[in-house]
Amino acid sequence: MAKLPVDQELAWKEMVIPNDLRAAAGTERAIVEEVERHGYGADATFAIRLAIEEALTNAIKHGNSNDPSRRVFVRYAVDARRAVVCVRDEGKGFNVEEVPDPTAPDRISLPNGRGIMLMRAYMDEITYSERGNEVRLVKVKQ
Amino acid sequence: MSRRPTSELSPLKIDVHRQAECAVVALTGGATMEYTDQLRKTLFELADPPVRKLVIDMGRLKFISSVGLGTIVAAYVRCTRRGIGFHLAGPRAKLQEMLAITQLTRLFDICGSVEEAMRR
């Protein structure tokens, strides 16, 4: 499996959480608080919160198939220049290139499929592992 | 006393106002992953006659994820199939931006205010 880009100079924090939306919400709050402590603006904070929410929801519901015996692995590092968040699930992964366009006429009225589009729109970098069970999100502080 | 972070979201509050055949659902705070089921339940319960028009007041909604947007899409589809008018009212700039990015502006009737939605 290809390794995701390594950010050696960053001080990483790691969390392992149960496959549960309530637990994930606590993780999201912890990262957002750290982002705010580093003085990221309202727009960047909104973007990071949204991307984390999308990544965690995808990991729990799609990657881990709502299986309560599975876990979600979160690594994050926030400094004065950038915020990096990696979210990994225990699923078999997927090919992001095969995700259909949610704005296509036959998909626009479907309730799902917009998470990756929003992560791409609001973050500066979004990268998937080769297996497709880990996403790496980067927001550069303006 | 510790300062409350400006980014902190209040839990989603859902207020329903019924007036004749219209229902206005006012959302306040953050429609985060924990509250999507509650939002879906409320909207689906209202998306049936005798309601003829459903307005979602987004003026005090600070955050919504794709799952929350999808819940609103599902309610829109349900309403449309039942001949019920469906309108969004007063989304803040960030949420308006999300609606534009996802091109849901093509799907929804988005009004500047609840009053405008009620006149439609």
# chains A, B, ... in the order shown; residues from 1 in each chain; ligands from 1
>>> closest_atom_pairs(of="chain A", to="chain B", cutoff="8 Å", atoms="only C-alpha atoms", output="Markdown table")
| residue | atom | partner | partner_atom | distance |
| --- | --- | --- | --- | --- |
| A:Leu21 | CA | B:Glu34 | CA | 6.1 |
| A:Arg22 | CA | B:Glu34 | CA | 6.1 |
| A:Ala25 | CA | B:Glu34 | CA | 7.2 |
| A:Arg29 | CA | B:Glu8 | CA | 8.0 |
| A:Val32 | CA | B:Ser7 | CA | 7.6 |
| A:Glu33 | CA | B:Pro5 | CA | 7.2 |
| A:Glu36 | CA | B:Ser7 | CA | 7.1 |
| A:Ala42 | CA | B:Ser7 | CA | 7.2 |
| A:Thr45 | CA | B:Ser7 | CA | 7.1 |
| A:Phe46 | CA | B:Phe63 | CA | 7.9 |
| A:Leu50 | CA | B:Ser65 | CA | 6.3 |
| A:Glu53 | CA | B:Ser65 | CA | 7.0 |
| A:Glu54 | CA | B:Ser65 | CA | 6.9 |
| A:Thr57 | CA | B:Met33 | CA | 7.3 |
| A:Pro102 | CA | B:Thr102 | CA | 7.5 |
| A:Thr103 | CA | B:Gln103 | CA | 6.2 |
| A:Ile108 | CA | B:Leu104 | CA | 7.2 |
| A:Ser109 | CA | B:Val73 | CA | 6.3 |
| A:Leu110 | CA | B:Val73 | CA | 7.0 |
| A:Pro111 | CA | B:Gly70 | CA | 3.9 |
| A:Asn112 | CA | B:Gly70 | CA | 5.5 |
| A:Gly113 | CA | B:Ser66 | CA | 7.9 |
| A:Arg114 | CA | B:Ser66 | CA | 5.7 |
| A:Gly115 | CA | B:Ser66 | CA | 5.4 |
| A:Met117 | CA | B:Thr102 | CA | 7.5 |
| A:Leu118 | CA | B:Ile101 | CA | 7.5 |
| A:Ala121 | CA | B:Ile101 | CA | 7.6 |
>>> select_by_dssp(residues="chain B", states="helix (DSSP H, G or I)", output="PyMOL selection string")
chain B and resi 33-46+66-81+93-101+104-106+114-119
>>> write_last_selection(atoms="N, CA and C atoms", output="tab-separated table (two decimals), in the first residue's frame")
chain	number	residue	atom	x	y	z
B	33	MET	N	-23.78	15.85	12.66
B	33	MET	CA	-24.11	14.45	12.44
B	33	MET	C	-25.01	13.86	13.52
B	34	GLU	N	-24.91	14.41	14.74
B	34	GLU	CA	-25.71	13.85	15.84
B	34	GLU	C	-27.20	14.13	15.69
B	35	TYR	N	-27.54	15.15	14.92
B	35	TYR	CA	-28.93	15.63	14.93
B	35	TYR	C	-29.68	15.34	13.63
B	36	THR	N	-29.06	14.64	12.71
B	36	THR	CA	-29.70	14.42	11.41
B	36	THR	C	-30.97	13.59	11.53
B	37	ASP	N	-30.96	12.58	12.38
B	37	ASP	CA	-32.15	11.72	12.53
B	37	ASP	C	-33.34	12.52	13.05
B	38	GLN	N	-33.04	13.42	13.99
B	38	GLN	CA	-34.09	14.26	14.57
B	38	GLN	C	-34.67	15.19	13.49
B	39	LEU	N	-33.79	15.74	12.67
B	39	LEU	CA	-34.23	16.63	11.60
B	39	LEU	C	-35.09	15.87	10.60
B	40	ARG	N	-34.64	14.69	10.23
B	40	ARG	CA	-35.37	13.88	9.26
B	40	ARG	C	-36.77	13.53	9.79
B	41	LYS	N	-36.84	13.13	11.04
B	41	LYS	CA	-38.12	12.75	11.65
B	41	LYS	C	-39.09	13.94	11.61
B	42	THR	N	-38.61	15.11	11.99
B	42	THR	CA	-39.48	16.29	12.01
B	42	THR	C	-39.98	16.63	10.60
B	43	LEU	N	-39.06	16.67	9.63
B	43	LEU	CA	-39.45	17.07	8.27
B	43	LEU	C	-40.40	16.05	7.65
B	44	PHE	N	-40.14	14.77	7.86
B	44	PHE	CA	-40.98	13.74	7.25
B	44	PHE	C	-42.37	13.71	7.88
B	45	GLU	N	-42.45	14.02	9.16
B	45	GLU	CA	-43.77	14.05	9.81
B	45	GLU	C	-44.63	15.19	9.24
B	46	LEU	N	-43.95	16.25	8.83
B	46	LEU	CA	-44.68	17.42	8.31
B	46	LEU	C	-44.98	17.31	6.82
B	66	SER	N	-23.22	17.48	4.64
B	66	SER	CA	-23.87	16.90	3.46
B	66	SER	C	-25.01	15.98	3.87
B	67	VAL	N	-24.90	15.36	5.03
B	67	VAL	CA	-25.99	14.48	5.48
B	67	VAL	C	-27.22	15.32	5.81
B	68	GLY	N	-27.00	16.46	6.43
B	68	GLY	CA	-28.12	17.36	6.72
B	68	GLY	C	-28.74	17.89	5.44
B	69	LEU	N	-27.90	18.27	4.48
B	69	LEU	CA	-28.43	18.73	3.19
B	69	LEU	C	-29.21	17.61	2.52
B	70	GLY	N	-28.69	16.40	2.61
B	70	GLY	CA	-29.37	15.26	2.00
B	70	GLY	C	-30.73	15.00	2.65
B	71	THR	N	-30.82	15.24	3.93
B	71	THR	CA	-32.09	15.09	4.64
B	71	THR	C	-33.11	16.09	4.11
B	72	ILE	N	-32.64	17.31	3.85
B	72	ILE	CA	-33.53	18.34	3.30
B	72	ILE	C	-33.93	17.98	1.86
B	73	VAL	N	-32.99	17.42	1.11
B	73	VAL	CA	-33.32	16.96	-0.25
B	73	VAL	C	-34.40	15.88	-0.19
B	74	ALA	N	-34.23	14.93	0.72
B	74	ALA	CA	-35.22	13.84	0.84
B	74	ALA	C	-36.59	14.40	1.20
B	75	ALA	N	-36.63	15.39	2.08
B	75	ALA	CA	-37.92	16.01	2.45
B	75	ALA	C	-38.52	16.74	1.25
B	76	TYR	N	-37.65	17.39	0.48
B	76	TYR	CA	-38.12	18.09	-0.74
B	76	TYR	C	-38.77	17.10	-1.71
B	77	VAL	N	-38.11	15.97	-1.92
B	77	VAL	CA	-38.64	14.96	-2.85
B	77	VAL	C	-39.98	14.43	-2.35
B	78	ARG	N	-40.04	14.17	-1.06
B	78	ARG	CA	-41.29	13.66	-0.47
B	78	ARG	C	-42.42	14.68	-0.64
B	79	CYS	N	-42.11	15.95	-0.38
B	79	CYS	CA	-43.12	17.01	-0.51
B	79	CYS	C	-43.58	17.14	-1.96
B	80	THR	N	-42.61	17.15	-2.87
B	80	THR	CA	-42.94	17.33	-4.29
B	80	THR	C	-43.87	16.22	-4.77
B	81	ARG	N	-43.59	15.00	-4.34
B	81	ARG	CA	-44.42	13.86	-4.75
B	81	ARG	C	-45.84	13.96	-4.20
B	93	ALA	N	-24.78	33.25	4.48
B	93	ALA	CA	-23.88	33.26	3.31
B	93	ALA	C	-23.15	31.92	3.15
B	94	LYS	N	-22.66	31.35	4.25
B	94	LYS	CA	-21.90	30.09	4.14
B	94	LYS	C	-22.79	28.95	3.64
B	95	LEU	N	-24.01	28.92	4.13
B	95	LEU	CA	-24.90	27.84	3.71
B	95	LEU	C	-25.38	28.07	2.27
B	96	GLN	N	-25.56	29.33	1.92
B	96	GLN	CA	-25.90	29.66	0.53
B	96	GLN	C	-24.77	29.19	-0.39
B	97	GLU	N	-23.54	29.38	0.08
B	97	GLU	CA	-22.36	28.94	-0.68
B	97	GLU	C	-22.38	27.42	-0.87
B	98	MET	N	-22.71	26.69	0.20
B	98	MET	CA	-22.78	25.22	0.10
B	98	MET	C	-23.87	24.79	-0.88
B	99	LEU	N	-24.99	25.47	-0.85
B	99	LEU	CA	-26.09	25.15	-1.78
B	99	LEU	C	-25.65	25.40	-3.22
B	100	ALA	N	-24.84	26.44	-3.41
B	100	ALA	CA	-24.35	26.74	-4.76
B	100	ALA	C	-23.32	25.70	-5.21
B	101	ILE	N	-22.40	25.34	-4.32
B	101	ILE	CA	-21.36	24.35	-4.67
B	101	ILE	C	-21.99	23.02	-5.07
B	104	LEU	N	-27.52	22.61	-5.46
B	104	LEU	CA	-28.89	22.41	-4.97
B	104	LEU	C	-29.74	23.66	-5.19
B	105	THR	N	-29.09	24.74	-5.59
B	105	THR	CA	-29.84	25.94	-5.99
B	105	THR	C	-30.71	25.63	-7.21
B	106	ARG	N	-30.35	24.58	-7.97
B	106	ARG	CA	-31.17	24.17	-9.12
B	106	ARG	C	-32.45	23.47	-8.66
B	114	VAL	N	-38.72	34.18	5.48
B	114	VAL	CA	-39.91	33.34	5.65
B	114	VAL	C	-41.12	34.04	5.05
B	115	GLU	N	-41.18	35.37	5.25
B	115	GLU	CA	-42.32	36.12	4.72
B	115	GLU	C	-42.41	35.98	3.20
B	116	GLU	N	-41.24	36.07	2.55
B	116	GLU	CA	-41.22	35.91	1.10
B	116	GLU	C	-41.68	34.50	0.71
B	117	ALA	N	-41.21	33.50	1.44
B	117	ALA	CA	-41.60	32.12	1.15
B	117	ALA	C	-43.11	31.93	1.33
B	118	MET	N	-43.68	32.60	2.31
B	118	MET	CA	-45.11	32.45	2.57
B	118	MET	C	-45.95	33.08	1.45
B	119	ARG	N	-45.36	34.07	0.79
B	119	ARG	CA	-46.10	34.72	-0.30
B	119	ARG	C	-46.05	33.92	-1.60
>>> atom_distance(atom1="atom CA of Asp43 of chain A", atom2="atom CA of Ala77 of chain A")
18.7 Å
>>> residues_around(residues="Lys61 of chain A", least_positions_apart="4", cutoff="10 Å", atoms="only C-alpha atoms", output="list in words")
Asn19, Asp20, Leu21, Leu56, Thr57, Ser65, Asn66, Asp67 and Asp89 of chain A
>>> write_last_selection(atoms="C-alpha atoms", output="short mmCIF file (atom, residue, chain, number, x, y, z; two decimals), in the first residue's frame")
data_model
loop_
_atom_site.label_atom_id
_atom_site.label_comp_id
_atom_site.auth_asym_id
_atom_site.auth_seq_id
_atom_site.Cartn_x
_atom_site.Cartn_y
_atom_site.Cartn_z
CA ASN A 19 -17.74 3.56 15.20
CA ASP A 20 -20.31 5.91 16.64
CA LEU A 21 -21.52 9.37 15.55
CA LEU A 56 -15.93 10.90 9.93
CA THR A 57 -19.44 10.31 8.62
CA SER A 65 -20.69 0.01 7.30
CA ASN A 66 -22.13 1.20 10.66
CA ASP A 67 -20.52 -1.86 12.28
CA ASP A 89 -11.62 3.28 8.78
#
>>> select_by_dssp(residues="chain A", states="strand (DSSP E or B)", output="VMD selection string")
chain A and resid 13 to 18 71 to 78 82 to 88 125 to 128 134 to 140
>>> write_last_selection(atoms="N, CA and C atoms", output="mmCIF file, in the first residue's frame")
data_model
loop_
_atom_site.group_PDB
_atom_site.id
_atom_site.type_symbol
_atom_site.label_atom_id
_atom_site.label_comp_id
_atom_site.auth_asym_id
_atom_site.auth_seq_id
_atom_site.Cartn_x
_atom_site.Cartn_y
_atom_site.Cartn_z
ATOM 1 N N LYS A 13 -1.318 14.301 16.870
ATOM 2 C CA LYS A 13 -2.105 13.721 17.958
ATOM 3 C C LYS A 13 -2.954 12.611 17.342
ATOM 4 N N GLU A 14 -3.182 11.565 18.105
ATOM 5 C CA GLU A 14 -3.921 10.426 17.566
ATOM 6 C C GLU A 14 -5.099 10.067 18.462
ATOM 7 N N MET A 15 -6.173 9.681 17.839
ATOM 8 C CA MET A 15 -7.361 9.246 18.583
ATOM 9 C C MET A 15 -7.928 8.003 17.904
ATOM 10 N N VAL A 16 -8.329 7.051 18.716
ATOM 11 C CA VAL A 16 -9.041 5.890 18.187
ATOM 12 C C VAL A 16 -10.441 5.931 18.786
ATOM 13 N N ILE A 17 -11.440 5.989 17.923
ATOM 14 C CA ILE A 17 -12.795 6.173 18.435
ATOM 15 C C ILE A 17 -13.702 5.038 17.979
ATOM 16 N N PRO A 18 -14.713 4.744 18.789
ATOM 17 C CA PRO A 18 -15.668 3.717 18.358
ATOM 18 C C PRO A 18 -16.446 4.190 17.132
ATOM 19 N N ARG A 71 -13.583 0.404 14.379
ATOM 20 C CA ARG A 71 -13.123 1.669 14.955
ATOM 21 C C ARG A 71 -12.709 2.634 13.846
ATOM 22 N N VAL A 72 -12.576 3.884 14.258
ATOM 23 C CA VAL A 72 -12.093 4.927 13.343
ATOM 24 C C VAL A 72 -10.818 5.509 13.945
ATOM 25 N N PHE A 73 -9.799 5.658 13.119
ATOM 26 C CA PHE A 73 -8.490 6.146 13.554
ATOM 27 C C PHE A 73 -8.285 7.562 13.018
ATOM 28 N N VAL A 74 -8.045 8.477 13.931
ATOM 29 C CA VAL A 74 -7.894 9.880 13.539
ATOM 30 C C VAL A 74 -6.517 10.368 13.985
ATOM 31 N N ARG A 75 -5.787 10.977 13.045
ATOM 32 C CA ARG A 75 -4.516 11.652 13.368
ATOM 33 C C ARG A 75 -4.669 13.090 12.931
ATOM 34 N N TYR A 76 -4.222 14.001 13.762
ATOM 35 C CA TYR A 76 -4.312 15.395 13.335
ATOM 36 C C TYR A 76 -3.156 16.202 13.888
ATOM 37 N N ALA A 77 -2.834 17.253 13.181
ATOM 38 C CA ALA A 77 -1.769 18.165 13.593
ATOM 39 C C ALA A 77 -2.168 19.565 13.138
ATOM 40 N N VAL A 78 -2.128 20.473 14.075
ATOM 41 C CA VAL A 78 -2.505 21.857 13.767
ATOM 42 C C VAL A 78 -1.385 22.760 14.242
ATOM 43 N N ARG A 82 -0.766 25.371 9.052
ATOM 44 C CA ARG A 82 -1.736 24.496 8.405
ATOM 45 C C ARG A 82 -2.345 23.514 9.406
ATOM 46 N N ALA A 83 -3.492 23.026 9.028
ATOM 47 C CA ALA A 83 -4.161 21.965 9.807
ATOM 48 C C ALA A 83 -4.243 20.735 8.911
ATOM 49 N N VAL A 84 -3.788 19.605 9.462
ATOM 50 C CA VAL A 84 -3.816 18.344 8.706
ATOM 51 C C VAL A 84 -4.600 17.316 9.521
ATOM 52 N N VAL A 85 -5.562 16.685 8.890
ATOM 53 C CA VAL A 85 -6.387 15.682 9.571
ATOM 54 C C VAL A 85 -6.452 14.434 8.696
ATOM 55 N N CYS A 86 -6.143 13.285 9.299
ATOM 56 C CA CYS A 86 -6.237 12.012 8.582
ATOM 57 C C CYS A 86 -7.283 11.143 9.281
ATOM 58 N N VAL A 87 -8.182 10.577 8.520
ATOM 59 C CA VAL A 87 -9.247 9.731 9.062
ATOM 60 C C VAL A 87 -9.202 8.388 8.341
ATOM 61 N N ARG A 88 -9.063 7.311 9.123
ATOM 62 C CA ARG A 88 -8.959 5.971 8.537
ATOM 63 C C ARG A 88 -10.028 5.067 9.124
ATOM 64 N N GLU A 125 -6.154 20.618 0.271
ATOM 65 C CA GLU A 125 -5.712 19.316 -0.264
ATOM 66 C C GLU A 125 -6.626 18.240 0.288
ATOM 67 N N ILE A 126 -6.934 17.270 -0.554
ATOM 68 C CA ILE A 126 -7.629 16.067 -0.087
ATOM 69 C C ILE A 126 -7.042 14.888 -0.854
ATOM 70 N N THR A 127 -6.507 13.931 -0.093
ATOM 71 C CA THR A 127 -5.807 12.790 -0.698
ATOM 72 C C THR A 127 -6.328 11.496 -0.083
ATOM 73 N N TYR A 128 -6.525 10.494 -0.910
ATOM 74 C CA TYR A 128 -6.927 9.183 -0.400
ATOM 75 C C TYR A 128 -5.768 8.211 -0.495
ATOM 76 N N GLU A 134 -8.460 5.651 3.850
ATOM 77 C CA GLU A 134 -7.935 6.758 4.657
ATOM 78 C C GLU A 134 -7.919 8.030 3.796
ATOM 79 N N VAL A 135 -8.411 9.092 4.398
ATOM 80 C CA VAL A 135 -8.391 10.378 3.711
ATOM 81 C C VAL A 135 -7.529 11.343 4.519
ATOM 82 N N ARG A 136 -6.754 12.142 3.788
ATOM 83 C CA ARG A 136 -5.892 13.150 4.405
ATOM 84 C C ARG A 136 -6.361 14.516 3.932
ATOM 85 N N LEU A 137 -6.672 15.369 4.896
ATOM 86 C CA LEU A 137 -7.229 16.691 4.600
ATOM 87 C C LEU A 137 -6.270 17.770 5.075
ATOM 88 N N VAL A 138 -6.054 18.770 4.261
ATOM 89 C CA VAL A 138 -5.144 19.862 4.632
ATOM 90 C C VAL A 138 -5.835 21.201 4.391
ATOM 91 N N LYS A 139 -5.739 22.078 5.392
ATOM 92 C CA LYS A 139 -6.186 23.461 5.231
ATOM 93 C C LYS A 139 -5.023 24.374 5.602
ATOM 94 N N VAL A 140 -4.642 25.224 4.676
ATOM 95 C CA VAL A 140 -3.547 26.167 4.913
ATOM 96 C C VAL A 140 -4.125 27.423 5.550
#
>>> closest_residue(among="B:Gly90, B:Gly112, B:Gly85, B:Pro50", to="Arg18 of chain B", atoms="only C-alpha atoms")
B:Pro50
